[in-house]
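Asks: The structure file target-v5.json (JSON, C-alpha atoms) is provided below.
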```json
[["chain", "number", "residue", "atom", "x", "y", "z"],
["A", 1, "MET", "CA", -49.57, 79.50, -18.96],
["A", 2, "LYS", "CA", -46.45, 79.33, -21.12],
["A", 3, "SER", "CA", -43.32, 81.06, -19.99],
["A", 4, "ASP", "CA", -39.73, 81.49, -21.15],
["A", 5, "TYR", "CA", -38.15, 81.40, -17.70],
["A", 6, "SER", "CA", -39.13, 80.21, -14.26],
["A", 7, "LEU", "CA", -38.05, 81.70, -10.94],
["A", 8, "ASP", "CA", -38.27, 79.63, -7.79],
["A", 9, "CYS", "CA", -39.33, 81.76, -4.82],
["A", 10, "MET", "CA", -40.78, 78.96, -2.70],
["A", 11, "GLY", "CA", -40.23, 79.59, 0.99],
["A", 12, "LEU", "CA", -39.34, 83.23, 0.46],
["A", 13, "TYR", "CA", -41.23, 86.08, 2.05],
["A", 14, "CYS", "CA", -41.70, 89.69, 1.05],
["A", 15, "PRO", "CA", -39.68, 91.47, -0.22],
["A", 16, "MET", "CA", -37.45, 88.73, -1.64],
["A", 17, "PRO", "CA", -39.74, 87.48, -4.47],
["A", 18, "ILE", "CA", -40.03, 91.06, -5.74],
["A", 19, "VAL", "CA", -36.32, 91.73, -5.37],
["A", 20, "LYS", "CA", -35.49, 88.51, -7.23],
["A", 21, "THR", "CA", -38.06, 89.18, -9.94],
["A", 22, "ALA", "CA", -36.66, 92.66, -10.57],
["A", 23, "GLU", "CA", -33.18, 91.14, -10.85],
["A", 24, "LYS", "CA", -34.29, 88.32, -13.15],
["A", 25, "VAL", "CA", -36.35, 90.50, -15.48],
["A", 26, "LYS", "CA", -33.13, 92.35, -16.37],
["A", 27, "ASP", "CA", -31.87, 89.15, -18.07],
["A", 28, "LEU", "CA", -35.01, 88.72, -20.20],
["A", 29, "GLU", "CA", -35.54, 90.03, -23.71],
["A", 30, "VAL", "CA", -38.50, 92.32, -24.34],
["A", 31, "GLY", "CA", -41.60, 90.20, -24.98],
["A", 32, "GLU", "CA", -40.42, 87.20, -22.94],
["A", 33, "VAL", "CA", -42.52, 85.86, -20.08],
["A", 34, "LEU", "CA", -41.28, 85.07, -16.58],
["A", 35, "GLU", "CA", -43.04, 82.62, -14.31],
["A", 36, "ILE", "CA", -42.55, 83.18, -10.57],
["A", 37, "VAL", "CA", -43.36, 80.24, -8.31],
["A", 38, "ALA", "CA", -43.96, 81.31, -4.71],
["A", 39, "ASP", "CA", -45.89, 80.36, -1.60],
["A", 40, "ASP", "CA", -46.13, 83.74, 0.10],
["A", 41, "LYS", "CA", -49.70, 84.96, -0.41],
["A", 42, "GLY", "CA", -48.56, 88.58, -0.42],
["A", 43, "ILE", "CA", -47.26, 88.09, -3.94],
["A", 44, "LYS", "CA", -50.81, 88.13, -5.30],
["A", 45, "GLN", "CA", -51.04, 91.83, -4.46],
["A", 46, "ASP", "CA", -47.35, 92.67, -4.64],
["A", 47, "MET", "CA", -46.65, 91.52, -8.18],
["A", 48, "PRO", "CA", -49.44, 93.54, -9.84],
["A", 49, "ALA", "CA", -48.21, 96.56, -7.84],
["A", 50, "TRP", "CA", -44.65, 95.96, -8.98],
["A", 51, "CYS", "CA", -45.80, 95.67, -12.59],
["A", 52, "LYS", "CA", -47.76, 98.90, -12.29],
["A", 53, "ALA", "CA", -44.71, 100.70, -10.92],
["A", 54, "THR", "CA", -42.23, 99.32, -13.45],
["A", 55, "GLY", "CA", -44.52, 99.24, -16.48],
["A", 56, "HIS", "CA", -44.10, 95.53, -17.19],
["A", 57, "GLN", "CA", -47.21, 93.52, -18.00],
["A", 58, "PHE", "CA", -48.93, 91.39, -15.39],
["A", 59, "LEU", "CA", -50.39, 88.37, -17.14],
["A", 60, "GLY", "CA", -52.10, 86.52, -14.31],
["A", 61, "ILE", "CA", -51.99, 84.09, -11.42],
["A", 62, "GLU", "CA", -52.39, 80.33, -11.29],
["A", 63, "GLU", "CA", -52.86, 78.66, -7.93],
["A", 64, "ALA", "CA", -52.50, 75.00, -7.09],
["A", 65, "ASP", "CA", -52.28, 73.71, -3.52],
["A", 66, "LYS", "CA", -49.66, 75.85, -1.87],
["A", 67, "GLU", "CA", -47.98, 76.92, -5.08],
["A", 68, "ILE", "CA", -48.78, 80.32, -6.46],
["A", 69, "LYS", "CA", -47.59, 80.91, -10.02],
["A", 70, "VAL", "CA", -47.42, 84.47, -11.23],
["A", 71, "TYR", "CA", -46.71, 85.52, -14.82],
["A", 72, "VAL", "CA", -44.99, 88.69, -15.90],
["A", 73, "LYS", "CA", -44.15, 89.85, -19.42],
["A", 74, "LYS", "CA", -41.21, 92.15, -20.00],
["A", 75, "THR", "CA", -42.45, 95.08, -22.04],
["A", 76, "HIS", "CA", -39.46, 97.42, -22.16],
["A", 77, "LYS", "CA", -35.71, 97.58, -21.57],
["B", 1, "MET", "CA", -39.97, 105.08, -17.94],
["B", 2, "ALA", "CA", -39.78, 108.76, -17.14],
["B", 3, "GLU", "CA", -37.61, 110.17, -14.38],
["B", 4, "LYS", "CA", -37.16, 107.84, -11.42],
["B", 5, "GLU", "CA", -39.56, 108.22, -8.55],
["B", 6, "LYS", "CA", -37.91, 108.79, -5.21],
["B", 7, "LEU", "CA", -38.37, 107.20, -1.80],
["B", 8, "THR", "CA", -36.69, 108.96, 1.12],
["B", 9, "MET", "CA", -36.58, 107.62, 4.65],
["B", 10, "ALA", "CA", -35.42, 109.15, 7.91],
["B", 11, "ILE", "CA", -34.48, 106.36, 10.31],
["B", 12, "LEU", "CA", -34.32, 107.55, 13.91],
["B", 13, "SER", "CA", -34.71, 104.22, 15.63],
["B", 14, "GLY", "CA", -32.03, 101.61, 16.28],
["B", 15, "ASP", "CA", -34.58, 98.89, 17.05],
["B", 16, "LEU", "CA", -33.95, 95.70, 15.08],
["B", 17, "GLU", "CA", -37.51, 95.36, 13.77],
["B", 18, "ARG", "CA", -37.64, 98.96, 12.58],
["B", 19, "ALA", "CA", -34.28, 98.60, 10.87],
["B", 20, "LEU", "CA", -35.52, 95.47, 9.10],
["B", 21, "ALA", "CA", -38.74, 97.13, 7.99],
["B", 22, "ALA", "CA", -36.77, 100.10, 6.65],
["B", 23, "PHE", "CA", -34.48, 97.85, 4.60],
["B", 24, "MET", "CA", -37.40, 95.74, 3.33],
["B", 25, "LEU", "CA", -39.00, 98.90, 1.98],
["B", 26, "ALA", "CA", -35.71, 100.21, 0.62],
["B", 27, "THR", "CA", -34.94, 97.03, -1.34],
["B", 28, "THR", "CA", -38.53, 96.76, -2.57],
["B", 29, "GLY", "CA", -38.48, 100.41, -3.64],
["B", 30, "ALA", "CA", -35.23, 99.88, -5.53],
["B", 31, "SER", "CA", -36.77, 96.81, -7.18],
["B", 32, "MET", "CA", -39.69, 98.96, -8.29],
["B", 33, "GLY", "CA", -37.31, 101.30, -10.03],
["B", 34, "MET", "CA", -37.31, 103.97, -7.35],
["B", 35, "GLN", "CA", -34.29, 105.93, -6.31],
["B", 36, "VAL", "CA", -34.02, 105.31, -2.56],
["B", 37, "ASN", "CA", -32.44, 107.48, 0.13],
["B", 38, "MET", "CA", -31.99, 106.24, 3.69],
["B", 39, "PHE", "CA", -31.08, 108.99, 6.09],
["B", 40, "PHE", "CA", -29.84, 107.67, 9.45],
["B", 41, "THR", "CA", -29.99, 109.87, 12.49],
["B", 42, "PHE", "CA", -29.95, 109.58, 16.33],
["B", 43, "TRP", "CA", -30.27, 105.91, 17.36],
["B", 44, "GLY", "CA", -30.62, 105.00, 13.70],
["B", 45, "LEU", "CA", -26.87, 105.61, 13.43],
["B", 46, "ASP", "CA", -26.38, 102.42, 15.49],
["B", 47, "ILE", "CA", -27.57, 100.39, 12.50],
["B", 48, "ILE", "CA", -24.82, 101.64, 10.23],
["B", 49, "LYS", "CA", -21.92, 101.92, 12.70],
["B", 50, "LYS", "CA", -19.03, 99.56, 12.02],
["B", 51, "ASN", "CA", -19.28, 96.32, 13.96],
["B", 52, "GLN", "CA", -15.56, 96.05, 14.62],
["B", 53, "GLY", "CA", -13.18, 98.35, 16.44],
["B", 54, "GLY", "CA", -13.88, 101.27, 18.72],
["B", 55, "ILE", "CA", -16.01, 104.27, 17.95],
["B", 56, "LYS", "CA", -13.90, 107.42, 17.84],
["B", 57, "SER", "CA", -15.56, 110.03, 20.01],
["B", 58, "SER", "CA", -14.68, 113.26, 21.71],
["B", 59, "GLY", "CA", -15.82, 114.68, 25.04],
["B", 60, "LEU", "CA", -16.43, 112.83, 28.33],
["B", 61, "MET", "CA", -20.22, 112.58, 28.09],
["B", 62, "GLN", "CA", -20.08, 111.49, 24.47],
["B", 63, "LYS", "CA", -17.42, 108.88, 25.29],
["B", 64, "MET", "CA", -19.65, 107.50, 28.04],
["B", 65, "LEU", "CA", -22.63, 107.46, 25.69],
["B", 66, "ASN", "CA", -20.70, 105.58, 23.02],
["B", 67, "MET", "CA", -19.36, 103.11, 25.57],
["B", 68, "MET", "CA", -22.85, 102.30, 26.85],
["B", 69, "ASN", "CA", -24.31, 102.44, 23.38],
["B", 70, "ARG", "CA", -21.70, 100.93, 21.08],
["B", 71, "GLY", "CA", -24.07, 100.28, 18.16],
["B", 72, "GLY", "CA", -23.38, 98.22, 15.06],
["B", 73, "SER", "CA", -25.78, 95.93, 13.22],
["B", 74, "LYS", "CA", -24.79, 92.91, 15.32],
["B", 75, "ARG", "CA", -25.86, 94.67, 18.52],
["B", 76, "LEU", "CA", -29.35, 95.74, 17.50],
["B", 77, "LYS", "CA", -32.17, 94.59, 19.76],
["B", 78, "LEU", "CA", -35.91, 94.15, 19.45],
["B", 79, "SER", "CA", -37.92, 96.93, 21.05],
["B", 80, "ARG", "CA", -40.18, 94.37, 22.72],
["B", 81, "PHE", "CA", -39.49, 90.90, 24.11],
["B", 82, "ASN", "CA", -35.76, 91.38, 24.03],
["B", 83, "MET", "CA", -35.55, 89.49, 27.35],
["B", 84, "PHE", "CA", -31.84, 90.17, 27.86],
["B", 85, "GLY", "CA", -31.11, 89.13, 24.30],
["B", 86, "LEU", "CA", -33.07, 85.88, 24.29],
["B", 87, "GLY", "CA", -35.98, 87.34, 22.32],
["B", 88, "THR", "CA", -33.68, 88.92, 19.76],
["B", 89, "TRP", "CA", -31.75, 85.66, 19.42],
["B", 90, "MET", "CA", -35.00, 83.79, 18.84],
["B", 91, "MET", "CA", -36.17, 86.34, 16.27],
["B", 92, "LYS", "CA", -32.90, 85.94, 14.37],
["B", 93, "LYS", "CA", -33.38, 82.15, 14.44],
["B", 94, "LEU", "CA", -36.92, 82.50, 13.11],
["B", 95, "MET", "CA", -35.77, 84.84, 10.36],
["B", 96, "LYS", "CA", -33.17, 82.32, 9.26],
["B", 97, "LYS", "CA", -35.74, 79.54, 9.30],
["B", 98, "THR", "CA", -38.09, 81.51, 7.06],
["B", 99, "ASN", "CA", -35.28, 82.47, 4.65],
["B", 100, "MET", "CA", -35.41, 86.12, 5.60],
["B", 101, "PRO", "CA", -32.19, 88.00, 4.94],
["B", 102, "SER", "CA", -30.35, 89.16, 8.07],
["B", 103, "ILE", "CA", -29.89, 92.86, 8.68],
["B", 104, "ASP", "CA", -26.32, 92.62, 7.32],
["B", 105, "GLU", "CA", -27.55, 90.88, 4.18],
["B", 106, "PHE", "CA", -30.23, 93.55, 3.77],
["B", 107, "ILE", "CA", -27.68, 96.35, 4.06],
["B", 108, "ALA", "CA", -25.42, 94.68, 1.47],
["B", 109, "LEU", "CA", -28.39, 94.06, -0.83],
["B", 110, "ALA", "CA", -29.59, 97.66, -0.55],
["B", 111, "ASN", "CA", -26.08, 98.83, -1.37],
["B", 112, "GLN", "CA", -25.86, 96.56, -4.43],
["B", 113, "MET", "CA", -29.18, 97.94, -5.63],
["B", 114, "GLY", "CA", -27.87, 101.47, -5.47],
["B", 115, "VAL", "CA", -29.69, 102.65, -2.33],
["B", 116, "ASN", "CA", -28.13, 105.86, -1.04],
["B", 117, "ILE", "CA", -27.22, 105.33, 2.63],
["B", 118, "ILE", "CA", -26.64, 108.60, 4.45],
["B", 119, "ALA", "CA", -25.32, 109.29, 7.94],
["B", 120, "CYS", "CA", -26.48, 112.52, 9.58],
["B", 121, "THR", "CA", -23.49, 114.64, 10.55],
["B", 122, "THR", "CA", -25.44, 116.79, 13.01],
["B", 123, "THR", "CA", -26.40, 113.86, 15.22],
["B", 124, "CYS", "CA", -22.85, 112.55, 14.89],
["B", 125, "GLY", "CA", -21.78, 115.87, 16.34],
["B", 126, "VAL", "CA", -24.30, 115.82, 19.20],
["B", 127, "MET", "CA", -23.56, 112.22, 20.11],
["B", 128, "GLY", "CA", -19.82, 112.68, 19.77],
["B", 129, "ILE", "CA", -19.40, 110.18, 16.96],
["B", 130, "ALA", "CA", -16.64, 111.16, 14.54],
["B", 131, "PRO", "CA", -18.55, 112.30, 11.42],
["B", 132, "GLU", "CA", -16.30, 110.40, 9.03],
["B", 133, "LEU", "CA", -17.04, 107.56, 6.65],
["B", 134, "GLU", "CA", -14.57, 105.37, 8.60],
["B", 135, "THR", "CA", -16.95, 105.40, 11.57],
["B", 136, "PHE", "CA", -19.52, 103.62, 9.48],
["B", 137, "ARG", "CA", -19.70, 100.43, 7.47],
["B", 138, "SER", "CA", -18.57, 100.52, 3.87],
["B", 139, "GLU", "CA", -22.13, 100.67, 2.49],
["B", 140, "VAL", "CA", -22.58, 104.20, 3.84],
["B", 141, "THR", "CA", -22.05, 106.48, 0.87],
["B", 142, "THR", "CA", -22.86, 109.98, 2.05],
["B", 143, "LEU", "CA", -22.46, 112.24, 5.08],
["B", 144, "ALA", "CA", -25.01, 115.04, 5.14],
["B", 145, "GLY", "CA", -27.35, 117.22, 7.18],
["B", 146, "ALA", "CA", -30.98, 118.27, 7.40],
["B", 147, "ALA", "CA", -30.91, 120.44, 4.28],
["B", 148, "TYR", "CA", -29.84, 117.46, 2.18],
["B", 149, "PHE", "CA", -32.66, 115.37, 3.68],
["B", 150, "LEU", "CA", -35.26, 118.05, 3.00],
["B", 151, "GLY", "CA", -33.92, 118.61, -0.50],
["B", 152, "GLU", "CA", -34.31, 114.92, -1.29],
["B", 153, "ALA", "CA", -37.62, 114.67, 0.60],
["B", 154, "SER", "CA", -39.16, 117.52, -1.37],
["B", 155, "GLU", "CA", -38.40, 115.63, -4.59],
["B", 156, "SER", "CA", -39.70, 112.33, -3.24],
["B", 157, "LYS", "CA", -43.16, 110.89, -3.75],
["B", 158, "VAL", "CA", -42.83, 108.81, -0.60],
["B", 159, "VAL", "CA", -41.22, 110.09, 2.59],
["B", 160, "LEU", "CA", -41.11, 107.94, 5.71],
["B", 161, "PHE", "CA", -40.05, 108.62, 9.28],
["B", 162, "ILE", "CA", -39.04, 105.42, 11.02]]
```
Do you think you could lay out the structure here as structure tokens?

Replies:
Amino acid sequence: MKSDYSLDCMGLYCPMPIVKTAEKVKDLEVGEVLEIVADDKGIKQDMPAWCKATGHQFLGIEEADKEIKVYVKKTHK
Amino acid sequence: MAEKEKLTMAILSGDLERALAAFMLATTGASMGMQVNMFFTFWGLDIIKKNQGGIKSSGLMQKMLNMMNRGGSKRLKLSRFNMFGLGTWMMKKLMKKTNMPSIDEFIALANQMGVNIIACTTTCGVMGIAPELETFRSEVTTLAGAAYFLGEASESKVVLFI
């Protein structure tokens, strides 16, 4: 999936990928897509939940080996 | 988004693992756009006491209590497998190895994210701890009592007792 920014969260456990994503999304423009690369399996449930709470759009997950890539689109300021 | 949802926690325990869990939830809640209140009472006050210097206290029994139970984030212990500090030391090592923030880093992070850290003045009174902001680390923003907690709790979607 195409993205405008990538955030490296490899080796980080909950809640750090979420905390970092929330911080990073602030720098994005509305409509831009953030890719989060992580290896903590919790992110597969956590990121959709975070998107639901914040209103940003969850675009999907891509998994390869130990890397989990999650895509989030900023939908509002 | 509409008005911010609120998460309010009462933290009674000074156990390291409970303190960590509380701050994990607080920082996650703040990341999810929630307004977070952390209300520290009884042994929970140990988490937010200053690490340096003495604890000002009044009364003989309270002085004894604060001597035996100095508190401060650096002195928190695991509730199980402390093994005279060895277990806690190992847990801290493991946390570092897995890139987990330390309790001090969590407190600073929560503060940066605008988490409201409250010390309970009533328990300060009972335990003889001077109910002043100087007793606590700089991240503590508010001194308050039960009415404040209940006021915030009644407006909160999520209320936790830890």

Asks: Once you count only C-alpha atoms, what closest atom pair and distance in Å to one decimal does each residue of chain A within 7 Å of chain B have, with rows by chain and rising residue number, as a tab-separated table?

Replies:
```
residue	atom	partner	partner_atom	distance
A:Gly11	CA	B:Thr98	CA	6.7
A:Leu12	CA	B:Asn99	CA	5.9
A:Tyr13	CA	B:Met100	CA	6.8
A:Pro15	CA	B:Thr28	CA	5.9
A:Ile18	CA	B:Thr28	CA	6.7
A:Val19	CA	B:Ser31	CA	5.4
A:Ala22	CA	B:Ser31	CA	5.4
A:Trp50	CA	B:Met32	CA	5.8
A:Ala53	CA	B:Met32	CA	5.9
A:Thr54	CA	B:Met32	CA	5.8
```

Asks: Point out the residue among A:Lys77, A:Glu23, A:Cys51, A:Lys44 with the least atom-to-atom distance to A:Glu63, counting only C-alpha atoms.

Replies: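 Result for the nearest residue to A:Glu63: A:Lys44.
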
Asks: Do you know which residues are at most 6 Å from B:Ser73 counting all atoms listed in the file, after dropping those on the same chain fewer than 2 positions away, and could you put them as a list in words?

Replies: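 These residues fall inside the cut-off: Ile47, Arg75 and Leu76 of chain B.
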
Asks: Counting only C-alpha atoms, which residues have an atom no more than 8 Å from (-27.2, 103.2, 13.3) in the file's coordinates? Please list them as a ChimeraX atom specification.

Replies: /B:13-14,40-49,71-73

Asks: Hey, what's within 9 Å of stretch 33-38 of chain A if we count all atoms listed in the file and toss same-chain stuff fewer than 2 positions away? As an MDAnalysis selection string, please?

Replies: chainID A and resid 1:13 17 21 24:25 28:31 40:41 43 59 66:74

Asks: Quote the spacing between atom CA of B:Ala119 and atom CA of B:Leu143 in Å to one decimal place.

Replies: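 Computed distance, atom CA of B:Ala119 to atom CA of B:Leu143, equals 5.0 Å.
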
Asks: Calculated over only C-alpha atoms, which of the candidates B:Tyr148, B:Phe136, B:Phe106, B:Phe84 has the smallest distance to B:Thr122?

Replies: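 Of B:Tyr148, B:Phe136, B:Phe106, B:Phe84, the one nearest B:Thr122, counting only C-alpha atoms, is B:Tyr148.
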